[in-house]
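K.L.:
For reference, the structure I am asking about is given below.
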Amino acid sequence: MTLELPFTNPVVVMGVAIASFLLAPFVSRRLNLPTLVVVIALGAIVGPNGLGLLARGETMVLLGTVGLLYLMFVAGLELDLRGFARQRAGAVLFGSLSFALPLALALIVAPRLGFGWEATLLIGAIVASHTLLAYPIAARLGLARSPGVTATVGGTLLTDTLSLGLLAVVGAIAGGAEVGPSFWLRLVVSLGAYALAVTLLLPRLGRWFFRNTDAEAAIRYVFLLAAMFVSAALAEVAGAQPIIGAFLAGLALNRLTPEQSTVMARVRFVGDAVFIPFFLLTVGMLVDVRVLLSAEVALLGTALTLVVVVGKGGAALLAQRLMGLDRREGVVMAGLSIPQAAATLAVTFVGLELGLFGAEVVNAVIGLILVSVLIGATLVERGGRALVLARRAAPAPDARVHRMLIPLANPDTAERLLEVAFLLRERDSSESVYPLVVVPDDASVETKVAAAERVLAHAVVVAAEAEVPVAALTRVATNPASGILAAARERRITDVIIGWTGDSSARSAVFGGVIDQVIEHAQEQVLVCRLVHPIATSRRVFVVLPPGIDYGPGFHEAAGTLMQLASQLGVAPTGLAVRSDAERLRRSFAQAAHGAQIAIETVASWRAVVERLQADARPEDLVAVVGARRGTVAWSPALDRLPAMLAALGTSFLALYPSERSLRATPHAPGGVTVRVPAEHVMLDLRGHDFDTAIATLLACALPPGTRPFDTALRALARDDVGYAAEVVPGTLLAHARVRDVAERVALVGFRKPGLQHPSGAVVERVALLVSPADDEVASHVAALAVLAQRLHEIPPDATFADRDAASAALSGVGTR
């Protein structure tokens, strides 16, 4: 086989492309650049204007087109429709301003750069859209539910939809249509009919398909692909660009593909691994470094960047003032809306195909993407940190149950890790501890499973000796970290306790590949332990606290864990706070540990911490560091270097990474939810000859019969499968549902003797109804359900009440979140 440039052999072409995709994440991490920018740069290197390894031939164009459609389809799937609904007014305000101001600036600037009016409108569509590339930064800082962030995320739906609508108009005109009244009528009718067909029929078809086919994610994924391509093809028939059809298909199927579902994970995996990188690679092939560095492209790129920064930034700050938010929140909103990527590339690519743009525009847009991403990420990180610190408040401590997972790799350290779990476990807890061995999925898996069982058998004996219930786990997984994370999710783990040898497997690692992956991806509290002696023999405990650590969402849990450990060891811990307010931290620890005290002193620098521990720490001491994950308020590069430095001290070492969960596992309901059953919602003599009539009679105590809320709730509870009913205790039935048209949660209880005959055959003497608004979070609804169920369980079946007020008092309860 002879190899000539550019490569034409399909195997070699695919090999070069896949090798580029494989290299991109490593370069991205090394240079701290978004992966999409790196893939575009690699496309420029291997493309015809670079090394000439690949040509932009039919195969690459085909794969690039599929990737473009997939990119817009995923954009529609990932838009937060619930966030838009929750913050509708703010989202519409911000989305309108964020679309209108950049568009207006583009209409002023683009003609002065020599663009015709069609190209000017497309430039406006480019700068008016945005991609939420910096959203993970805001989420990691705990700002995902901030009003400004929610409005920005919801506003993205409006800006992207309007930008693609503008593209549809320009595309139709550029296709040769004569502009006039008949043109606008045909365009509105055809696009309107198409959009209605997709948004109304596709969700119904998808819902039917998912209900009547195998639940496996593979066939559902194929359905999504088919929907994307058919919708894109029909868009062309309607006179629009295919990417508009792909985007609409994503929007239509948005609610059928929950963010955490298996099928959505598959959509992201295939897109991120194959389809979208091919599109980015073909875009990179259009980049010519000589053109990119020319004065014309530099001027155009600078102008586009200024239009985006001024337009998006101005819209964010104006929306922030109109919404009455903190100025720091406006900075975060600006940072979220400035980055350009998905829709920007899509519109640019279509403009190139339509002949409205040349190579200089493509190169200028690549520069715009790079600069806008860097500016946006910087603004979100700095503004977000300032906003979190300005609030001066950390979440209140949780009363929670420790449910601990202990991954075991070395039998020699198993006992010491279990000892840590035993010390942290509540004295009267009935929870088991979960030792886990993850076995590599290879040819010798059966032998390794047998070896794992011997390790777990030893752990069971150790736990039995301590009179602690244990549930040993074995998992077979290709990646040990994935096995640990999956076990944590399945068992609703609150704490992962993992051992560390003191070495890291790579220069850039903190603890090593597996532990670093667990820390990065686990939302649970993670304790990394290097125990050179049994922890129970520790003489002193030093606690190292990074600056800003008490503003993280899991700090109170972490403080409570450390104080519990120190209490079990019988020592008074000493805190070393780096550039922090020692008094504030003391109060936080006291609040987390029910008044227990810790001596905290402020230390000027990380170097001073190490020097202090080198001078004072002894081999029998324990040094604990409250760590921070990358991107959180308290994280800094020095914190990642600290474990290796402390391991050299020769003391036992513990790094505690606080939980990032907002809702923790508890033995009963995860709530914080108050459930009240007022006297007017109680019926002591529930009437009705059948179950449906009884529900309607009881529901009428809270919702007027004949109204839409009443009809919707009644349908959900008694007449279809939207609501769900389950017998709580013999003779008591609880029906519940989340439905539209109900403004607030309603709880009702009715008593009847003799009992009603339920369709299941059970005799029901007490009926309870719980109806929550459809936009109420599932976790909140379930928490309220658990509170009401617990109250019903506590009332004896033969209990009687003098009046409705007495029944109301017995039925009203408060859950704990």
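The chains in the structure tokens are called A, B, ... from first to last as shown; in each chain the residues are counted from 1, and the ligands are counted from 1 in the order shown.
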Any idea what's packed within 6 Å of Ala246 in chain A, counting only C-alpha atoms, ignoring anything in its chain fewer than 5 positions away? Could you give it as a PyMOL selection string?

P.N.:
chain A and resi 69+72-73+228+232

K.L.:
With C-alpha atoms kept, could you save the residues just selected as a compact mmCIF listing (two decimals), in the first residue's frame?

P.N.:
# COMPACT_ATOMS: atom_id res chain seq x y z
CA LEU A 69 -26.73 18.08 12.64
CA MET A 72 -27.61 21.13 16.96
CA PHE A 73 -29.72 18.12 17.95
CA MET A 228 -33.00 13.87 13.98
CA ALA A 232 -33.62 17.67 9.23

K.L.:
So that I can check the surroundings of Phe357 in chain A, please list as a VMD selection string every protein, DNA and RNA residue that reaches within 10 Å of it, counting only C-alpha atoms and ignoring chain neighbours fewer than 4 positions away.

P.N.:
chain A and resid 115 119 122 to 123 348 to 353 361 to 362

K.L.:
Using only C-alpha atoms for the distances, tell me which of A:Ala235, A:Leu133, A:Leu143, A:Val222 is nearest to Tyr551 in chain A.

P.N.:
A:Leu143

K.L.:
Might you pull out every residue within 7 Å of range 630-644 of chain A, with only C-alpha atoms counted and same-chain residues fewer than 2 positions away left off, and present them as an MDAnalysis selection string?

P.N.:
chainID A and resid 137 140:141 385 502 510 546:549 552 628 646:648

K.L.:
As JSON, numbers by chain, please: the residues near Phe555 in chain A (cut-off 9 Å, only C-alpha atoms, same-chain neighbours under 2 positions excluded).

P.N.:
{"A": [394, 395, 397, 549, 550, 551, 552, 553, 557, 558, 559, 560, 588, 592, 626, 657, 658, 659]}

K.L.:
For CA of Leu292 in chain A and CA of Ala44 in chain A, determine how far apart the two atoms are, in Å to one decimal place.

P.N.:
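We find that CA of Leu292 in chain A and CA of Ala44 in chain A lie 10.9 Å from each other.
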
K.L.:
Residues within 9 Å of Phe229 in chain A, please, as an NGL selection string. Count only C-alpha atoms; anything in the same chain fewer than 4 positions from it doesn't count.

P.N.:
:A and (66 or 69 or 224-225 or 233-234 or 242 or 245-246 or 249)

K.L.:
Please, which residues of range 592-701 of chain A, numbered as in this document, come out strand (DSSP E) from DSSP, as a VMD selection string?

P.N.:
chain A and resid 599 to 603 622 to 626 652 to 657 674 to 675 682 to 683

K.L.:
Convert the current residue selection to file output with C-alpha atoms, as an mmCIF file, in the first residue's frame.

P.N.:
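Here's the written file again_33.cif:
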data_model
loop_
_atom_site.group_PDB
_atom_site.id
_atom_site.type_symbol
_atom_site.label_atom_id
_atom_site.label_comp_id
_atom_site.auth_asym_id
_atom_site.auth_seq_id
_atom_site.Cartn_x
_atom_site.Cartn_y
_atom_site.Cartn_z
ATOM 1 C CA ALA A 599 -8.531 25.792 68.261
ATOM 2 C CA ILE A 600 -7.885 27.533 64.937
ATOM 3 C CA GLU A 601 -5.008 29.789 64.055
ATOM 4 C CA THR A 602 -4.510 31.753 60.861
ATOM 5 C CA VAL A 603 -1.470 30.884 58.753
ATOM 6 C CA LEU A 622 -2.833 12.683 62.120
ATOM 7 C CA VAL A 623 -2.826 15.501 59.572
ATOM 8 C CA ALA A 624 -6.222 16.117 57.950
ATOM 9 C CA VAL A 625 -6.723 18.427 54.987
ATOM 10 C CA VAL A 626 -10.158 19.642 53.949
ATOM 11 C CA SER A 652 -0.797 9.545 59.006
ATOM 12 C CA PHE A 653 -2.636 11.663 56.464
ATOM 13 C CA LEU A 654 -6.297 12.172 55.622
ATOM 14 C CA ALA A 655 -7.744 14.341 52.850
ATOM 15 C CA LEU A 656 -11.473 15.024 53.106
ATOM 16 C CA TYR A 657 -13.326 16.290 50.031
ATOM 17 C CA THR A 674 -43.426 20.786 55.635
ATOM 18 C CA VAL A 675 -46.687 18.926 55.068
ATOM 19 C CA VAL A 682 -60.026 16.460 56.626
ATOM 20 C CA MET A 683 -63.250 14.462 56.249
#
